[in-house]
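Peer 1: This is entry.txt (compact mmCIF, C-alpha atoms).
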# COMPACT_ATOMS: atom_id res chain seq x y z
CA MET A 372 -365.05 -12.80 -76.62
CA LYS A 373 -366.81 -13.61 -73.40
CA THR A 374 -364.31 -11.64 -71.39
CA ARG A 375 -364.72 -8.66 -73.66
CA ARG A 376 -368.50 -8.90 -73.46
CA SER A 377 -368.48 -9.06 -69.68
CA THR A 378 -366.12 -6.09 -69.57
CA TRP A 379 -368.61 -4.09 -71.61
CA LEU A 380 -371.40 -5.22 -69.33
CA MET A 381 -369.40 -4.08 -66.32
CA VAL A 382 -368.78 -0.70 -67.92
CA LEU A 383 -372.48 -0.33 -68.72
CA LEU A 384 -373.46 -1.37 -65.22
CA VAL A 385 -371.07 1.05 -63.58
CA CYS A 386 -372.21 3.91 -65.83
CA GLY A 387 -375.87 3.06 -65.16
CA THR A 388 -375.38 2.94 -61.41
CA GLN A 389 -373.55 6.24 -61.46
CA ALA A 390 -376.31 7.83 -63.52
CA ILE A 391 -378.93 6.66 -61.03
CA ALA A 392 -376.81 7.77 -58.10
CA SER A 393 -376.28 11.25 -59.52
CA GLU A 394 -380.02 11.58 -60.16
CA LYS A 395 -380.71 10.73 -56.54
CA ASN A 396 -378.05 13.05 -55.20
CA GLN A 397 -379.25 15.94 -57.31
CA SER A 398 -380.93 18.00 -54.64
CA MET A 399 -383.73 20.41 -55.39
CA ALA A 400 -383.95 23.47 -53.21
CA GLY A 401 -386.81 23.16 -50.72
CA VAL A 402 -387.79 19.65 -51.85
CA GLU A 403 -387.35 17.15 -49.08
CA ASN A 404 -388.94 14.27 -50.97
CA PRO A 405 -389.06 14.60 -54.79
CA ALA A 406 -391.18 11.45 -55.20
CA ARG A 407 -393.81 12.83 -52.84
CA ALA A 408 -393.72 16.20 -54.57
CA ARG A 409 -394.25 14.52 -57.94
CA VAL A 410 -397.22 12.50 -56.68
CA ASN A 411 -398.76 15.63 -55.19
CA TYR A 412 -398.28 17.38 -58.52
CA MET A 413 -399.93 14.48 -60.34
CA LEU A 414 -402.91 14.39 -57.99
CA ASN A 415 -403.49 18.13 -57.71
CA CYS A 416 -402.10 19.82 -60.83
CA GLN A 417 -401.48 17.37 -63.65
CA GLY A 418 -405.16 16.99 -64.54
CA CYS A 419 -405.09 20.40 -66.19
CA HIS A 420 -401.40 21.25 -66.54
CA GLY A 421 -400.36 17.87 -67.98
CA PRO A 422 -397.47 15.61 -66.98
CA THR A 423 -394.76 18.11 -68.01
CA GLY A 424 -396.56 21.35 -67.21
CA ALA A 425 -396.97 22.10 -70.90
CA GLY A 426 -400.68 22.88 -70.55
CA LEU A 427 -402.88 23.05 -73.62
CA ALA A 428 -401.73 24.03 -77.08
CA ASP A 429 -404.51 26.63 -77.40
CA GLY A 430 -403.15 28.48 -74.35
CA THR A 431 -406.24 28.06 -72.16
CA VAL A 432 -403.96 26.20 -69.75
CA PRO A 433 -400.65 28.09 -69.90
CA ASP A 434 -397.34 26.38 -70.59
CA MET A 435 -395.28 26.43 -67.39
CA SER A 436 -392.29 24.49 -68.71
CA GLY A 437 -389.38 26.80 -69.39
CA TYR A 438 -391.38 29.75 -68.06
CA LEU A 439 -392.59 29.24 -64.50
CA ALA A 440 -389.52 30.54 -62.63
CA ARG A 441 -389.60 33.79 -64.59
CA TYR A 442 -392.43 34.90 -62.27
CA LEU A 443 -389.87 35.04 -59.46
CA HIS A 444 -388.08 37.88 -61.26
CA VAL A 445 -390.95 40.38 -61.10
CA GLU A 446 -392.69 42.06 -58.19
CA GLY A 447 -395.70 40.07 -57.03
CA GLY A 448 -394.74 36.99 -59.02
CA ARG A 449 -393.58 34.94 -56.06
CA GLU A 450 -396.85 35.62 -54.24
CA PHE A 451 -398.92 34.93 -57.35
CA LEU A 452 -397.64 31.35 -57.69
CA VAL A 453 -399.11 30.60 -54.25
CA GLN A 454 -402.25 32.72 -54.53
CA VAL A 455 -403.34 31.53 -57.98
CA PRO A 456 -406.49 29.47 -57.34
CA GLY A 457 -404.99 26.16 -58.45
CA SER A 458 -402.34 26.51 -55.73
CA ALA A 459 -404.32 28.32 -53.04
CA ASN A 460 -407.31 25.96 -53.24
CA ALA A 461 -405.42 22.69 -53.64
CA GLY A 462 -406.46 20.26 -50.94
CA ILE A 463 -402.95 19.87 -49.56
CA SER A 464 -401.12 21.29 -46.56
CA ALA A 465 -398.95 24.39 -46.69
CA GLU A 466 -395.87 22.16 -46.27
CA ALA A 467 -396.90 20.00 -49.22
CA LEU A 468 -397.78 23.01 -51.38
CA ALA A 469 -394.42 24.64 -50.65
CA GLU A 470 -392.67 21.43 -51.63
CA VAL A 471 -394.71 21.02 -54.85
CA LEU A 472 -394.00 24.61 -55.89
CA ASN A 473 -390.27 24.21 -55.24
CA TRP A 474 -390.32 20.91 -57.14
CA MET A 475 -392.16 22.48 -60.08
CA LEU A 476 -389.75 25.40 -60.27
CA SER A 477 -386.70 23.11 -60.27
CA THR A 478 -388.21 20.49 -62.57
CA MET A 479 -389.97 22.63 -65.12
CA ASP A 480 -387.85 25.74 -65.28
CA ALA A 481 -384.49 25.41 -63.50
CA GLU A 482 -383.06 27.64 -66.23
CA HIS A 483 -384.84 30.75 -64.95
CA LEU A 484 -384.43 30.13 -61.22
CA PRO A 485 -382.87 33.26 -59.69
CA SER A 486 -379.32 32.71 -58.49
CA ASP A 487 -380.38 33.79 -55.00
CA PHE A 488 -383.58 31.71 -55.05
CA ALA A 489 -384.96 31.11 -51.56
CA PRO A 490 -387.29 28.11 -51.65
CA TYR A 491 -390.90 28.51 -50.54
CA ARG A 492 -391.45 27.61 -46.91
CA ALA A 493 -394.65 26.43 -45.25
CA GLU A 494 -395.06 29.61 -43.15
CA GLU A 495 -394.88 31.85 -46.21
CA VAL A 496 -397.34 29.68 -48.14
CA GLU A 497 -399.73 29.53 -45.19
CA ALA A 498 -399.73 33.32 -44.85
CA LEU A 499 -400.25 33.94 -48.58
CA ARG A 500 -403.13 31.49 -48.75
CA LEU A 501 -405.01 33.67 -46.26
CA HIS A 502 -405.15 36.41 -48.89
CA PRO A 503 -406.73 34.99 -52.03
CA LEU A 504 -406.63 37.00 -55.25
CA GLN A 505 -409.70 39.12 -55.91
CA ASP A 506 -409.17 39.21 -59.67
CA VAL A 507 -406.85 36.54 -61.01
CA VAL A 508 -407.07 37.58 -64.66
CA THR A 509 -406.09 41.21 -64.05
CA THR A 510 -403.31 40.26 -61.63
CA ARG A 511 -401.88 37.78 -64.10
CA ALA A 512 -402.09 40.23 -67.01
CA ALA A 513 -400.16 42.84 -64.97
CA LEU A 514 -397.49 40.27 -64.14
CA LEU A 515 -397.14 39.25 -67.77
CA THR A 516 -396.66 42.90 -68.73
CA ARG A 517 -393.93 43.21 -66.11
CA LEU A 518 -392.33 40.03 -67.47
CA ALA A 519 -392.41 41.42 -71.01
CA ASP A 520 -390.78 44.67 -69.77
CA LEU A 521 -388.13 42.60 -68.02
CA ASP A 522 -387.30 40.90 -71.32
CA LEU A 523 -386.98 44.28 -73.04
CA GLU A 524 -384.58 45.49 -70.37
CA LYS A 525 -382.37 42.47 -70.93
CA ARG A 526 -382.03 43.12 -74.65
CA MET B 190 -360.56 -7.31 -124.25
CA ASN B 191 -359.36 -10.26 -122.19
CA SER B 192 -362.10 -12.87 -121.90
CA ASP B 193 -360.62 -14.21 -118.63
CA THR B 194 -361.14 -11.00 -116.67
CA PRO B 195 -364.78 -11.48 -115.61
CA SER B 196 -364.20 -15.03 -114.39
CA GLN B 197 -361.05 -13.94 -112.53
CA ALA B 198 -363.01 -11.17 -110.87
CA GLY B 199 -365.76 -13.67 -110.11
CA GLY B 200 -363.18 -15.98 -108.52
CA LEU B 201 -361.89 -13.18 -106.36
CA VAL B 202 -365.38 -12.32 -105.15
CA ASP B 203 -366.01 -16.01 -104.50
CA ARG B 204 -362.82 -16.32 -102.48
CA LEU B 205 -363.52 -13.16 -100.50
CA THR B 206 -367.09 -14.21 -99.78
CA GLU B 207 -365.92 -17.66 -98.73
CA ARG B 208 -363.24 -16.23 -96.47
CA LEU B 209 -365.70 -13.78 -94.89
CA SER B 210 -368.33 -16.49 -94.38
CA ARG B 211 -365.79 -18.82 -92.82
CA SER B 212 -364.46 -16.17 -90.49
CA VAL B 213 -368.00 -15.22 -89.38
CA ALA B 214 -368.89 -18.90 -88.97
CA SER B 215 -365.80 -19.56 -86.86
CA ARG B 216 -366.58 -16.67 -84.52
CA THR B 217 -370.33 -17.05 -84.09
CA SER B 218 -372.78 -19.88 -83.54
CA ARG B 219 -376.04 -20.26 -85.41
CA ARG B 220 -377.75 -21.36 -82.23
CA GLY B 221 -376.59 -18.21 -80.49
CA LEU B 222 -377.92 -16.01 -83.28
CA LEU B 223 -381.23 -17.89 -83.38
CA GLY B 224 -381.56 -17.59 -79.63
CA TRP B 225 -380.89 -13.87 -79.73
CA LEU B 226 -383.25 -13.30 -82.65
CA GLY B 227 -385.96 -15.40 -81.01
CA GLY B 228 -385.64 -13.41 -77.80
CA ALA B 229 -385.81 -10.10 -79.63
CA VAL B 230 -388.85 -11.12 -81.67
CA ALA B 231 -390.75 -12.57 -78.70
CA GLY B 232 -389.75 -9.69 -76.40
CA GLY B 233 -390.69 -7.10 -79.01
CA ALA B 234 -394.07 -8.72 -79.57
CA LEU B 235 -394.79 -8.68 -75.84
CA LEU B 236 -393.98 -4.99 -75.36
CA PRO B 237 -397.40 -3.66 -76.44
CA LEU B 238 -399.05 -6.01 -73.94
CA LEU B 239 -397.37 -4.47 -70.92
CA PRO B 240 -399.97 -2.76 -68.74
CA VAL B 241 -398.55 0.72 -68.74
CA ALA B 242 -400.25 3.95 -69.66
CA ARG B 243 -399.32 5.26 -73.06
CA ALA B 244 -401.70 8.18 -73.35
CA ALA B 245 -400.69 10.54 -70.61
CA GLY B 246 -397.15 11.59 -71.41
CA PRO B 247 -393.64 10.65 -70.35
CA ALA B 248 -392.35 8.88 -67.26
CA GLN B 249 -395.53 6.93 -66.75
CA SER B 250 -394.06 3.60 -65.68
CA SER B 251 -396.18 1.68 -63.23
CA GLY B 252 -393.39 -0.76 -62.39
CA SER B 253 -394.23 -4.42 -61.93
CA LEU B 254 -397.96 -4.38 -61.89
CA ALA B 255 -400.46 -7.13 -61.51
CA ASP B 256 -403.43 -5.74 -63.35
CA ARG B 257 -406.10 -8.39 -63.13
CA GLY B 258 -409.79 -7.92 -63.66
CA ASP B 259 -412.37 -7.40 -66.36
CA PRO B 260 -412.11 -3.90 -67.84
CA THR B 261 -415.70 -4.20 -69.11
CA SER B 262 -416.96 -4.68 -65.54
CA CYS B 263 -417.73 -1.79 -63.21
CA ASP B 264 -416.01 -3.78 -60.45
CA TYR B 265 -412.60 -3.53 -62.15
CA TRP B 266 -410.24 -1.95 -59.61
CA ARG B 267 -409.18 0.99 -61.76
CA TYR B 268 -412.77 2.28 -61.89
CA CYS B 269 -412.93 3.11 -58.17
CA ALA B 270 -413.83 6.75 -58.83
CA ILE B 271 -415.27 6.68 -62.34
CA ASP B 272 -418.60 8.19 -63.34
CA GLY B 273 -419.60 7.43 -66.90
CA PHE B 274 -419.68 4.87 -69.69
CA LEU B 275 -416.74 2.46 -69.80
CA CYS B 276 -414.78 2.91 -73.03
CA SER B 277 -413.97 -0.82 -72.85
CA CYS B 278 -417.63 -1.44 -73.73
CA CYS B 279 -417.74 1.26 -76.39
CA GLY B 280 -415.13 0.17 -78.91
CA GLY B 281 -412.14 1.46 -76.94
CA THR B 282 -410.25 0.09 -73.95
CA ALA B 283 -409.58 1.15 -70.36
CA ASN B 284 -406.57 3.04 -71.79
CA SER B 285 -407.81 4.26 -75.14
CA CYS B 286 -410.74 5.97 -76.78
CA PRO B 287 -413.09 4.40 -79.32
CA PRO B 288 -412.39 5.23 -82.96
CA GLY B 289 -413.84 8.56 -84.00
CA THR B 290 -413.53 10.12 -80.55
CA GLU B 291 -410.86 12.39 -79.12
CA GLN B 292 -409.24 11.89 -75.75
CA SER B 293 -409.47 14.90 -73.49
CA PRO B 294 -406.05 16.22 -72.42
CA VAL B 295 -407.63 17.77 -69.34
CA THR B 296 -408.65 15.15 -66.85
CA TRP B 297 -409.37 14.39 -63.27
CA ILE B 298 -406.92 12.28 -61.39
CA GLY B 299 -407.35 10.13 -58.31
CA THR B 300 -405.99 6.98 -56.73
CA CYS B 301 -407.30 3.40 -56.64
CA LEU B 302 -406.15 0.45 -54.59
CA ASN B 303 -405.02 -2.52 -56.64
CA PRO B 304 -406.18 -5.57 -54.66
CA ASP B 305 -403.52 -7.76 -56.29
CA ASP B 306 -400.51 -6.01 -54.82
CA GLY B 307 -402.16 -3.89 -52.14
CA LYS B 308 -400.69 -0.69 -53.63
CA LYS B 309 -402.42 2.52 -54.59
CA TYR B 310 -402.04 3.70 -58.15
CA ILE B 311 -402.65 7.11 -59.66
CA ILE B 312 -405.48 6.85 -62.15
CA SER B 313 -406.27 9.43 -64.80
CA TYR B 314 -409.92 9.41 -65.94
CA ASN B 315 -409.54 10.86 -69.40
CA ASP B 316 -412.90 11.31 -71.11
CA CYS B 317 -413.38 10.52 -74.77
CA CYS B 318 -415.22 13.17 -76.69
CA GLY B 319 -416.76 14.04 -80.04
CA LYS B 320 -419.54 11.45 -80.28
CA SER B 321 -422.80 11.25 -78.36
CA GLY B 322 -422.89 9.24 -75.11
CA CYS B 323 -421.93 5.61 -75.71
CA GLY B 324 -424.75 4.27 -73.51
CA SER B 325 -423.07 0.96 -72.59
CA CYS B 326 -421.68 -0.09 -69.22
CA MET B 327 -422.68 2.93 -67.14
CA CYS B 328 -420.49 2.84 -64.06
CA ASN B 329 -420.70 5.27 -61.16
CA ARG B 330 -418.29 4.67 -58.30
CA ASN B 331 -417.26 7.65 -56.30
CA GLU B 332 -414.30 6.85 -54.07
CA GLY B 333 -412.55 10.15 -53.41
CA ASP B 334 -415.09 12.10 -55.45
CA ARG B 335 -415.61 15.64 -54.18
CA PRO B 336 -418.49 18.08 -54.65
CA MET B 337 -418.57 20.30 -57.73
CA TYR B 338 -417.28 23.30 -55.82
CA HIS B 339 -413.97 21.43 -55.71
CA PRO B 340 -413.88 20.97 -59.47
CA SER B 341 -410.47 19.36 -59.84
CA LYS B 342 -411.67 16.44 -57.73
CA SER B 343 -415.21 16.07 -58.99
CA ASN B 344 -416.31 13.38 -61.42
CA ASP B 345 -419.72 14.98 -62.00
CA LEU B 346 -418.21 17.45 -64.45
CA ASN B 347 -417.98 16.99 -68.17
CA TRP B 348 -414.22 16.60 -68.59
CA CYS B 349 -414.34 17.11 -72.36
CA LEU B 350 -412.14 20.18 -71.99
CA GLY B 351 -409.44 21.13 -74.43
CA THR B 352 -410.99 18.91 -77.07
CA SER B 353 -412.48 20.12 -80.34
CA SER B 354 -415.89 18.90 -79.19
CA ALA B 355 -417.39 19.01 -75.69
CA ILE B 356 -419.73 16.07 -76.40
CA TYR B 357 -419.05 13.24 -73.95
CA ASN B 358 -418.80 9.65 -75.21
CA CYS B 359 -417.10 7.47 -72.55
CA SER B 360 -414.36 7.38 -69.90
CA THR B 361 -410.96 5.69 -69.68
CA ALA B 362 -409.02 4.86 -66.52
CA ILE B 363 -405.31 5.12 -67.22
CA ILE B 364 -402.61 4.16 -64.74
CA THR B 365 -400.20 7.09 -64.58
CA GLY B 366 -398.01 6.05 -61.67
CA LEU B 367 -397.67 4.64 -58.22
CA ALA B 368 -399.18 6.70 -55.42
CA LEU B 369 -397.77 7.17 -51.96
CA PRO B 370 -399.22 4.72 -49.42
CA GLU B 371 -400.93 7.54 -47.55
CA ALA B 372 -402.30 9.28 -50.67
Please express what this file holds, its structure, as structure tokens.
Peer 2:
Amino acid sequence: MKTRRSTWLMVLLVCGTQAIASEKNQSMAGVENPARARVNYMLNCQGCHGPTGAGLADGTVPDMSGYLARYLHVEGGREFLVQVPGSANAGISAEALAEVLNWMLSTMDAEHLPSDFAPYRAEEVEALRLHPLQDVVTTRAALLTRLADLDLEKR
Amino acid sequence: MNSDTPSQAGGLVDRLTERLSRSVASRTSRRGLLGWLGGAVAGGALLPLLPVARAAGPAQSSGSLADRGDPTSCDYWRYCAIDGFLCSCCGGTANSCPPGTEQSPVTWIGTCLNPDDGKKYIISYNDCCGKSGCGSCMCNRNEGDRPMYHPSKSNDLNWCLGTSSAIYNCSTAIITGLALPEA
């Protein structure tokens, strides 16, 4: 019995180690340090967006999980994710913001990442931050319309 | 009807039960079972005492954490950036709201240094809402607090947002994770 039990333990251990290893090896495009990206998300975004990006049930904080990367499919969407005040005004460097955005896209909505996705880079983020949005609500509404049209085209 | 049938069936059940009991007894030890059961019961009972956040969603493990201090005292390490009444003095705890109040899902998040292990932890100051101000244990420490024009980092705001009532009662200080050393 003991031998059998230890065999099972070995199997479990090996499986566990492999699971951890594969999690570590799973690279996210444009994310040099996932732990750092997660902490930056927690400190700068999670307060409103919640630990999973689900936002608030009443929609006043939008649900980003399973949706966020869709913005990359419409014109202006890529820029919007940097220029939206929560991103643009976050008290972190352009490098850190680029990493957080890439981490969010891969973590919250890998499903909708474009096949040719080019991760955000610090230079791009820096440049976009210099041009804040004049009217966030209107810009966002226009993007959502484009996203809805995109869905219709796919049907 | 044969009157012997029930007793024969009874004998068969007896024999089967005996054989099963003996085979279980020969393969297991009572001490082993007691030890395992004791471990499970004691371990299970200790689980709710572990100092991890349970209010702020998944993947909130704080690892091995020495969390010493008096949660009803403003000097408690987790309160390094709090501004409000301590829920620990108001019928709640540092992690949970008093009965009859609702925990705000929108919160402000900062870091505090735990003097026990010298590490910085991410603390979520979720306000409890729906009853008038608790009035006990006012605590105003402002490490990392920013002016109101930087709202996501300001503790002067009423963080009763996303709740059914915007009336502030008290504040919690929930550990949501380990921060980076430089954070």
Peer 1: Restricting the calculation to all atoms listed in the file, which member of B:Gly299, B:Thr352, B:Cys318, B:Cys326 is positioned closest to chain A?
Peer 2: B:Gly299
Peer 1: Within 10 Å of chain B, which residues of chain A are there when counting only C-alpha atoms? Please give them as a list in words.
Peer 2: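 That gives the following set of residues: Met372, Ala406, Arg407, Arg409, Val410, Asn411, Met413, Leu414, Asn415, Cys416, Gln417, Gly418, Cys419, His420, Gly421, Pro422, Thr423, Gly426, Leu427, Ala428, Asp429, Gly430, Thr431, Val432, Gly457, Asn460, Ala461 and Gly462 of chain A.
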Peer 1: How many Å lie between CA of Cys286 (chain B) and CA of Ser360 (chain B), rounded to one decimal?
Peer 2: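 These two atoms are separated by 7.9 Å.
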Peer 1: Around the point (-407.5, -2.9, -65.2), in the coordinates given by the file, pick out the residues reaching within 10 Å, counting all atoms listed in the file, and return them as a list in words.
Peer 2: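 Within 10 Å of (-407.5, -2.9, -65.2), the protein and nucleic acid residues are Pro240, Ala255, Asp256, Arg257, Gly258, Asp259, Pro260, Thr261, Ser262, Asp264, Tyr265, Trp266, Arg267, Tyr268, Thr282, Ala283, Asn284, Asn303, Ala362, Ile363 and Ile364 of chain B.
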Peer 1: Keeping C-alpha atoms for every residue in the selection just given, could you write it to a file as a compact mmCIF listing (two decimals), in the coordinates of the input?
Peer 2:
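result29.txt was written with the following content:
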# COMPACT_ATOMS: atom_id res chain seq x y z
CA PRO B 240 -399.97 -2.76 -68.74
CA ALA B 255 -400.46 -7.13 -61.51
CA ASP B 256 -403.43 -5.74 -63.35
CA ARG B 257 -406.10 -8.39 -63.13
CA GLY B 258 -409.79 -7.92 -63.66
CA ASP B 259 -412.37 -7.40 -66.36
CA PRO B 260 -412.11 -3.90 -67.84
CA THR B 261 -415.70 -4.20 -69.11
CA SER B 262 -416.96 -4.68 -65.54
CA ASP B 264 -416.01 -3.78 -60.45
CA TYR B 265 -412.60 -3.53 -62.15
CA TRP B 266 -410.24 -1.95 -59.61
CA ARG B 267 -409.18 0.99 -61.76
CA TYR B 268 -412.77 2.28 -61.89
CA THR B 282 -410.25 0.09 -73.95
CA ALA B 283 -409.58 1.15 -70.36
CA ASN B 284 -406.57 3.04 -71.79
CA ASN B 303 -405.02 -2.52 -56.64
CA ALA B 362 -409.02 4.86 -66.52
CA ILE B 363 -405.31 5.12 -67.22
CA ILE B 364 -402.61 4.16 -64.74
Peer 1: Between A:Gly447, A:Pro490, A:Gly437, A:Pro485, which residue has the minimum interatomic distance to Ala469 (chain A), considering only C-alpha atoms?
Peer 2: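 The answer is A:Pro490, which sits nearest to Ala469 (chain A).
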Peer 1: Counting only C-alpha atoms, figure out which residue out of A:Ala465, A:Ala498, A:Val453, A:Leu484 gets nearest to Met399 (chain A).
Peer 2: A:Leu484
Peer 1: Can you tell me, as a list in words, what residues are no more than 10 Å from Pro456 (chain A) when counting all atoms listed in the file, ignoring any on the same chain fewer than 2 positions away?
Peer 2: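 Here the answer would be Phe451, Leu452, Val453, Gln454, Ser458, Ala459, Asn460, Ala461, Arg500, Pro503, Leu504 and Val507 of chain A.
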Peer 1: Nearest to Asn473 (chain A): which of A:Leu514, A:Val496, A:Ala519, A:Val455 is it, counting all atoms listed in the file?
Peer 2: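 Going through A:Leu514, A:Val496, A:Ala519, A:Val455 one by one, the smallest distance to Asn473 (chain A) is for A:Val496.
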